[in-house]
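Visitor: One file: final.tsv (TSV, C-alpha atoms).
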```tsv
chain	number	residue	atom	x	y	z
A	1	MET	CA	71.11	110.98	130.76
A	2	SER	CA	72.57	107.50	131.41
A	3	LEU	CA	74.46	105.51	128.77
A	4	SER	CA	71.87	102.72	128.80
A	5	LYS	CA	68.99	105.19	128.38
A	6	ASP	CA	70.83	106.90	125.51
A	7	LEU	CA	71.43	103.51	123.88
A	8	GLY	CA	67.73	102.78	124.16
A	9	ILE	CA	66.84	106.09	122.51
A	10	GLY	CA	69.33	105.53	119.69
A	11	ILE	CA	67.85	102.11	118.85
A	12	LYS	CA	64.19	102.91	119.63
A	13	THR	CA	64.07	105.80	117.19
A	14	TYR	CA	64.53	103.38	114.28
A	15	GLY	CA	60.91	102.30	114.72
A	16	LYS	CA	59.76	105.93	114.71
A	17	ALA	CA	61.96	106.59	111.68
A	18	LEU	CA	60.30	103.85	109.63
A	19	ASP	CA	56.88	105.20	110.56
A	20	ILE	CA	57.82	108.73	109.45
A	21	ILE	CA	59.44	107.54	106.22
A	22	PHE	CA	56.39	105.59	105.06
A	23	SER	CA	53.67	107.82	106.48
A	24	LYS	CA	55.12	111.23	105.60
A	25	GLY	CA	56.11	110.65	101.98
A	26	LEU	CA	59.85	110.16	102.44
A	27	ALA	CA	60.04	106.61	101.03
A	28	TRP	CA	61.17	107.96	97.64
A	29	PHE	CA	64.58	108.64	99.20
A	30	PHE	CA	65.22	104.88	98.90
A	31	ILE	CA	65.77	105.54	95.19
A	32	PHE	CA	69.19	107.02	96.01
A	33	PRO	CA	70.70	103.86	97.54
A	34	VAL	CA	69.60	102.05	94.36
A	35	LEU	CA	71.47	104.64	92.26
A	36	PHE	CA	74.43	104.43	94.64
A	37	ASN	CA	74.59	100.64	94.25
A	38	ILE	CA	74.37	100.87	90.45
A	39	LEU	CA	77.20	103.43	90.45
A	40	LEU	CA	79.26	101.25	92.78
A	41	LEU	CA	78.64	98.15	90.68
A	42	LEU	CA	79.51	99.77	87.35
A	43	SER	CA	82.60	101.54	88.66
A	44	GLY	CA	83.69	98.38	90.48
A	45	LEU	CA	83.32	96.24	87.35
A	46	GLU	CA	85.23	98.80	85.28
A	47	LEU	CA	88.02	98.93	87.87
A	48	ILE	CA	88.26	95.13	88.13
A	49	ASP	CA	88.37	94.77	84.31
A	50	TRP	CA	91.13	97.38	84.10
A	51	LEU	CA	93.15	95.71	86.86
A	52	ILE	CA	92.75	92.26	85.24
A	53	ASN	CA	93.91	93.56	81.86
A	54	TYR	CA	96.80	95.47	83.43
A	55	SER	CA	97.85	92.46	85.52
A	56	ASN	CA	97.71	90.15	82.50
A	57	GLN	CA	99.77	92.51	80.38
A	58	TYR	CA	102.33	92.99	83.15
A	59	LEU	CA	102.56	89.24	83.87
A	60	PHE	CA	103.01	88.16	80.27
A	61	SER	CA	105.29	91.02	79.21
A	62	SER	CA	107.57	90.86	82.27
A	63	THR	CA	108.03	87.07	82.00
A	64	GLY	CA	108.28	86.95	78.21
A	65	LEU	CA	105.56	84.33	78.12
A	66	GLN	CA	103.58	86.20	75.51
A	67	ASP	CA	106.00	84.89	72.86
A	68	ALA	CA	105.32	81.26	73.70
A	69	SER	CA	102.39	79.73	71.86
A	70	PHE	CA	101.17	77.70	74.85
A	71	TRP	CA	101.76	80.25	77.58
A	72	GLY	CA	100.32	82.97	75.41
A	73	SER	CA	97.23	80.93	74.65
A	74	SER	CA	93.73	82.15	75.47
A	75	VAL	CA	93.31	79.21	77.86
A	76	LEU	CA	96.12	80.38	80.15
A	77	LYS	CA	94.98	83.97	79.93
A	78	GLY	CA	91.48	82.85	80.90
A	79	VAL	CA	92.79	80.94	83.92
A	80	THR	CA	94.99	83.88	84.94
A	81	SER	CA	92.11	86.33	84.56
A	82	GLY	CA	89.86	84.11	86.66
A	83	PHE	CA	92.48	83.84	89.42
A	84	ILE	CA	93.13	87.60	89.44
A	85	TRP	CA	89.36	88.25	89.45
A	86	LEU	CA	88.94	86.01	92.52
A	87	ILE	CA	91.82	87.68	94.37
A	88	LEU	CA	90.47	91.17	93.59
A	89	LYS	CA	86.98	90.21	94.75
A	90	VAL	CA	88.37	89.03	98.10
A	91	VAL	CA	90.54	92.15	98.45
A	92	PHE	CA	87.62	94.46	97.61
A	93	TYR	CA	85.42	92.63	100.09
A	94	PHE	CA	87.84	93.33	102.95
A	95	ILE	CA	88.35	96.93	101.81
A	96	PHE	CA	84.60	97.57	101.74
A	97	ALA	CA	84.19	95.81	105.08
A	98	TYR	CA	86.32	98.57	106.60
A	99	ILE	CA	85.60	101.66	104.51
A	100	GLY	CA	82.32	100.80	102.78
A	101	GLY	CA	80.31	102.56	105.47
A	102	TYR	CA	82.31	105.74	105.11
A	103	LEU	CA	82.05	105.54	101.33
A	104	ILE	CA	78.27	105.57	101.73
A	105	LEU	CA	78.47	108.53	104.12
A	106	ILE	CA	80.63	110.50	101.68
A	107	ILE	CA	78.79	109.78	98.42
A	108	MET	CA	75.29	110.05	99.91
A	109	SER	CA	76.10	113.09	102.05
A	110	PRO	CA	74.03	115.55	99.92
A	111	ILE	CA	70.97	113.28	100.10
A	112	MET	CA	71.27	112.69	103.84
A	113	ALA	CA	71.61	116.43	104.54
A	114	ILE	CA	68.36	117.11	102.65
A	115	LEU	CA	66.60	114.15	104.27
A	116	SER	CA	67.59	115.27	107.77
A	117	GLU	CA	66.23	118.74	107.06
A	118	LYS	CA	62.92	117.38	105.76
A	119	THR	CA	62.60	115.12	108.81
A	120	ASP	CA	63.25	118.07	111.12
A	121	LYS	CA	60.56	120.05	109.31
A	122	ILE	CA	58.08	117.19	109.91
A	123	LEU	CA	59.01	116.97	113.60
A	124	THR	CA	59.14	120.66	114.47
A	125	GLY	CA	57.27	122.46	111.69
A	126	LYS	CA	60.31	124.70	111.10
A	127	GLN	CA	60.72	126.07	107.60
A	128	TYR	CA	64.20	126.02	106.15
A	129	PRO	CA	64.44	128.22	103.04
A	130	PHE	CA	66.65	126.71	100.36
A	131	SER	CA	70.19	128.08	100.28
A	132	ALA	CA	72.70	126.70	97.80
A	133	GLU	CA	75.54	128.03	99.96
A	134	GLN	CA	74.18	126.34	103.11
A	135	THR	CA	73.57	123.09	101.23
A	136	MET	CA	77.17	123.07	100.00
A	137	ARG	CA	78.40	123.75	103.54
A	138	ASP	CA	76.31	120.82	104.80
A	139	ILE	CA	77.74	118.53	102.12
A	140	VAL	CA	81.36	119.59	102.68
A	141	ARG	CA	80.99	119.28	106.44
A	142	GLY	CA	79.44	115.81	106.10
A	143	ILE	CA	82.32	114.64	103.89
A	144	LEU	CA	85.03	116.18	106.10
A	145	LEU	CA	83.47	114.69	109.22
A	146	ALA	CA	83.31	111.24	107.63
A	147	LEU	CA	86.99	111.49	106.64
A	148	ARG	CA	87.89	112.72	110.14
A	149	ASN	CA	86.08	109.83	111.79
A	150	LEU	CA	87.63	107.32	109.39
A	151	ALA	CA	91.11	108.65	110.18
A	152	ILE	CA	90.50	108.41	113.94
A	153	GLU	CA	89.11	104.89	113.58
A	154	ILE	CA	92.15	103.79	111.55
A	155	LEU	CA	94.46	105.17	114.26
A	156	ILE	CA	92.51	103.22	116.90
A	157	ILE	CA	92.77	100.05	114.80
A	158	LEU	CA	96.53	100.57	114.44
A	159	ALA	CA	96.85	101.13	118.19
A	160	PHE	CA	95.07	97.83	118.93
A	161	PHE	CA	97.23	96.08	116.33
A	162	ILE	CA	100.42	97.34	117.99
A	163	LEU	CA	99.14	96.45	121.47
A	164	SER	CA	98.24	92.94	120.29
A	165	MET	CA	101.92	92.35	119.43
A	166	ILE	CA	103.13	93.03	122.98
A	167	PRO	CA	104.22	89.79	124.69
A	168	PHE	CA	101.96	88.34	127.43
A	169	ILE	CA	99.25	91.04	127.21
A	170	GLY	CA	98.88	91.00	123.42
A	171	TRP	CA	96.45	88.07	123.49
A	172	PHE	CA	94.11	90.07	125.73
A	173	PHE	CA	93.96	92.98	123.28
A	174	SER	CA	93.46	90.52	120.41
A	175	LEU	CA	90.44	89.05	122.19
A	176	ILE	CA	88.71	92.34	122.96
A	177	SER	CA	89.71	94.31	119.85
A	178	THR	CA	86.95	92.99	117.58
A	179	PHE	CA	84.27	93.71	120.16
A	180	ILE	CA	85.56	97.21	120.99
A	181	LEU	CA	86.23	98.20	117.37
A	182	PHE	CA	82.67	97.26	116.41
A	183	PHE	CA	81.28	99.75	118.92
A	184	VAL	CA	83.91	102.34	117.95
A	185	SER	CA	82.66	102.09	114.35
A	186	SER	CA	79.06	102.29	115.55
A	187	TYR	CA	79.86	105.46	117.50
A	188	PHE	CA	81.49	107.20	114.55
A	189	TYR	CA	78.74	106.17	112.11
A	190	GLY	CA	76.10	107.43	114.53
A	191	PHE	CA	78.15	110.60	115.02
A	192	SER	CA	77.99	111.33	111.28
A	193	PHE	CA	74.23	110.75	111.12
A	194	LEU	CA	73.59	112.96	114.18
A	195	ASP	CA	75.81	115.80	112.99
A	196	TYR	CA	73.46	116.81	110.17
A	197	SER	CA	71.12	118.17	112.84
A	198	ASN	CA	73.98	119.95	114.62
A	199	GLU	CA	75.07	121.64	111.41
A	200	ARG	CA	71.53	122.81	110.76
A	201	ASN	CA	71.44	124.28	114.28
A	202	ARG	CA	74.69	126.16	113.51
A	203	ARG	CA	76.82	124.18	115.96
A	204	THR	CA	80.51	124.08	115.15
A	205	ILE	CA	82.23	120.71	114.79
A	206	LYS	CA	83.83	121.29	118.21
A	207	GLN	CA	80.41	121.91	119.78
A	208	SER	CA	78.99	118.91	117.94
A	209	VAL	CA	81.79	116.67	119.24
A	210	LYS	CA	81.16	117.83	122.81
A	211	LEU	CA	77.39	117.37	122.59
A	212	ILE	CA	77.59	113.90	121.05
A	213	LYS	CA	80.25	112.82	123.56
A	214	ASN	CA	77.76	113.72	126.29
A	215	HIS	CA	75.22	111.48	124.53
A	216	LYS	CA	77.58	108.82	123.16
A	217	GLY	CA	75.00	106.12	123.88
A	218	ILE	CA	72.66	107.66	121.30
A	219	ALA	CA	75.47	107.75	118.74
A	220	ILE	CA	76.32	104.09	119.38
A	221	GLY	CA	72.67	103.03	119.39
A	222	ASN	CA	72.04	104.87	116.13
A	223	GLY	CA	75.17	103.53	114.42
A	224	VAL	CA	74.99	99.94	115.66
A	225	ILE	CA	72.23	98.91	113.21
A	226	PHE	CA	74.23	100.36	110.31
A	227	SER	CA	77.38	98.54	111.55
A	228	LEU	CA	75.56	95.21	111.86
A	229	VAL	CA	74.27	95.42	108.29
A	230	LEU	CA	77.78	96.16	106.99
A	231	LEU	CA	78.96	92.87	108.52
A	232	ILE	CA	76.64	90.82	106.27
A	233	PRO	CA	78.97	88.97	103.86
A	234	TRP	CA	79.07	90.18	100.24
A	235	CYS	CA	75.87	92.26	100.32
A	236	GLY	CA	76.44	94.36	103.46
A	237	THR	CA	77.45	97.52	101.60
A	238	THR	CA	74.52	97.09	99.19
A	239	LEU	CA	71.98	96.91	102.03
A	240	ALA	CA	73.73	99.54	104.18
A	241	GLY	CA	72.80	102.31	101.72
A	242	PHE	CA	69.12	101.68	102.46
A	243	VAL	CA	69.75	101.47	106.21
A	244	ALA	CA	71.60	104.81	106.02
A	245	ILE	CA	68.34	106.48	104.95
A	246	ILE	CA	66.59	105.11	108.04
A	247	SER	CA	69.59	105.97	110.25
A	248	VAL	CA	69.54	109.64	109.25
A	249	VAL	CA	65.83	109.96	110.05
A	250	ALA	CA	66.35	108.12	113.37
A	251	ALA	CA	69.31	110.37	114.21
A	252	THR	CA	67.24	113.49	113.50
A	253	ILE	CA	64.52	112.24	115.82
A	254	SER	CA	67.12	111.56	118.54
A	255	MET	CA	68.68	115.02	118.16
A	256	ASN	CA	65.23	116.56	118.36
A	257	GLU	CA	64.72	114.84	121.71
A	258	ILE	CA	68.09	116.11	122.93
A	259	ASN	CA	67.32	119.66	121.78
A	260	ASN	CA	63.95	119.54	123.56
A	261	GLU	CA	65.77	118.87	126.82
```
Rewrite the structure of this file - the entire thing - as structure tokens.
Guide:
Amino acid sequence: MSLSKDLGIGIKTYGKALDIIFSKGLAWFFIFPVLFNILLLLSGLELIDWLINYSNQYLFSSTGLQDASFWGSSVLKGVTSGFIWLILKVVFYFIFAYIGGYLILIIMSPIMAILSEKTDKILTGKQYPFSAEQTMRDIVRGILLALRNLAIEILIILAFFILSMIPFIGWFFSLISTFILFFVSSYFYGFSFLDYSNERNRRTIKQSVKLIKNHKGIAIGNGVIFSLVLLIPWCGTTLAGFVAIISVVAATISMNEINNE
């Protein structure tokens, strides 16, 4: 199958996925991205508060300013806290821009494994008896695969960074790196969504890698929507959790088409 045709399948199945989600009683899975976002918000606020307090304590104790009435005033502490809060928000934004997608894949892995199985049951009529052991294997595999793909993507980013520092040709790699890295991320995101079907069909990770490489266009097409949503400033990670639900269903439909071949 050609790359362009695979790309078309990867993107086209999103429409089918939405139809299945809302017509086959799977819309309740959107509850989980809401819970994920609440968890992320609460843990993020707690972490930022802790870092602000720690930074304030370190700043004032290390400089001895806590003994001065003016420098130790609540006004200065308020200004310092506001500055640290702003810096942390910017830092967290860039961190989530790079790893937010994988954080979703890791935390929501149990939900996506179940959703992929339910979608497959709708498409094929196959019954999958519940197995706690198999469910745990699905979850662990999903997490390990997400970490593997993140590690590979980081190595690719580092390679482009090093190449961009080479005189004369570095500017060329700087120009193309953003474009290429976007599709690299799309491929690995799509890979993770597609692999739930491969695990259910008892394919090893090595077999899954080979199969998806042969249909890399489907992986890119499936992951590109998820990648685009992650690029939305400030709310990309929030929205991406909902898109992940659609992506898993779309990936299951795509794998079903591959398996039928």
Visitor: Can you tell me, as a list in words, which residues sit within 8 Å of (88.5, 91.6, 90.9) in the file's frame, using all atoms listed in the file?
Guide: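 Final list of nearby residues, as requested, is Leu45, Leu47, Ile48, Asp49, Leu51, Ile52, Ile84, Trp85, Leu86, Ile87, Leu88, Lys89, Val90, Val91 and Phe92 of chain A.
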Visitor: Excluding Ala146 of chain A and its own-chain neighbours fewer than 6 positions away, which residues fall within 9 Å of it when counting all atoms listed in the file? Please give them as a PyMOL selection string.
Guide: chain A and resi 102-103+105-106+188-189+192
Visitor: Write out as a PDB file with C-alpha atoms, in the coordinates of the input each polymer residue whose atoms come within 8 Å of Phe30 of chain A, counting only C-alpha atoms; drop sequence neighbours fewer than 3 positions from it.
Guide:
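out_33.pdb, written as the output of this step:
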```pdb
ATOM      1  CA  ALA A  27      60.040 106.610 101.030  1.00  0.00           C
ATOM      2  CA  PRO A  33      70.700 103.860  97.540  1.00  0.00           C
ATOM      3  CA  VAL A  34      69.600 102.050  94.360  1.00  0.00           C
ATOM      4  CA  PHE A 242      69.120 101.680 102.460  1.00  0.00           C
ATOM      5  CA  ILE A 245      68.340 106.480 104.950  1.00  0.00           C
TER       6      ILE A 245
END
```
Visitor: Atom CA of Lys206 of chain A and atom CA of Leu115 of chain A, how far apart in Å?
Guide: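 Atom CA of Lys206 of chain A lies at a distance of 23.3 Å from atom CA of Leu115 of chain A.
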Visitor: What is the distance between atom CA of Gly241 of chain A and atom CA of Lys118 of chain A, in Å to one decimal?
Guide: 18.5 Å
Visitor: Quick one: of A:Gly221, A:Gly100, A:Pro129, A:Pro233, who's nearest to Arg200 of chain A, counting all atoms listed in the file?
Guide: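 The closest residue to Arg200 of chain A is A:Pro129.
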Visitor: Restricting the calculation to only C-alpha atoms: of A:Asn53, A:Thr237, A:Asn214, A:Thr119, which residue gets closest to Thr252 of chain A?
Guide: A:Thr119
Visitor: Of the candidates A:Ile111, A:Ile212, A:Leu40, A:Ile253, which one gets nearest to Gly142 of chain A if we count all atoms listed in the file?
Guide: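 The shortest atom-to-atom distance to Gly142 of chain A comes from A:Ile111.
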Visitor: Would you work out the distance separating atom CA of Leu158 of chain A from atom CA of Arg141 of chain A, expressed in Å to one decimal?
Guide: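 So the answer is 25.6 Å.
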Visitor: With distances taken over all atoms listed in the file, which of A:Ile205, A:Asn198, A:Phe161, A:Phe130 is nearest to Leu144 of chain A?
Guide: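 Closest candidate: A:Ile205.
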Visitor: Leaving out Leu211 of chain A and any residue of its chain fewer than 4 positions from it, which residues lie within 12 Å of it when counting only C-alpha atoms, given as a count of residues only?
Guide: 18
Visitor: I need the residue nearest Phe32 of chain A from this list: A:Phe193, A:Trp50, A:Gly10, A:Ala240. Use all atoms listed in the file for the distance.
Guide: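 Answer, going by the shortest atom-to-atom distance: A:Ala240.
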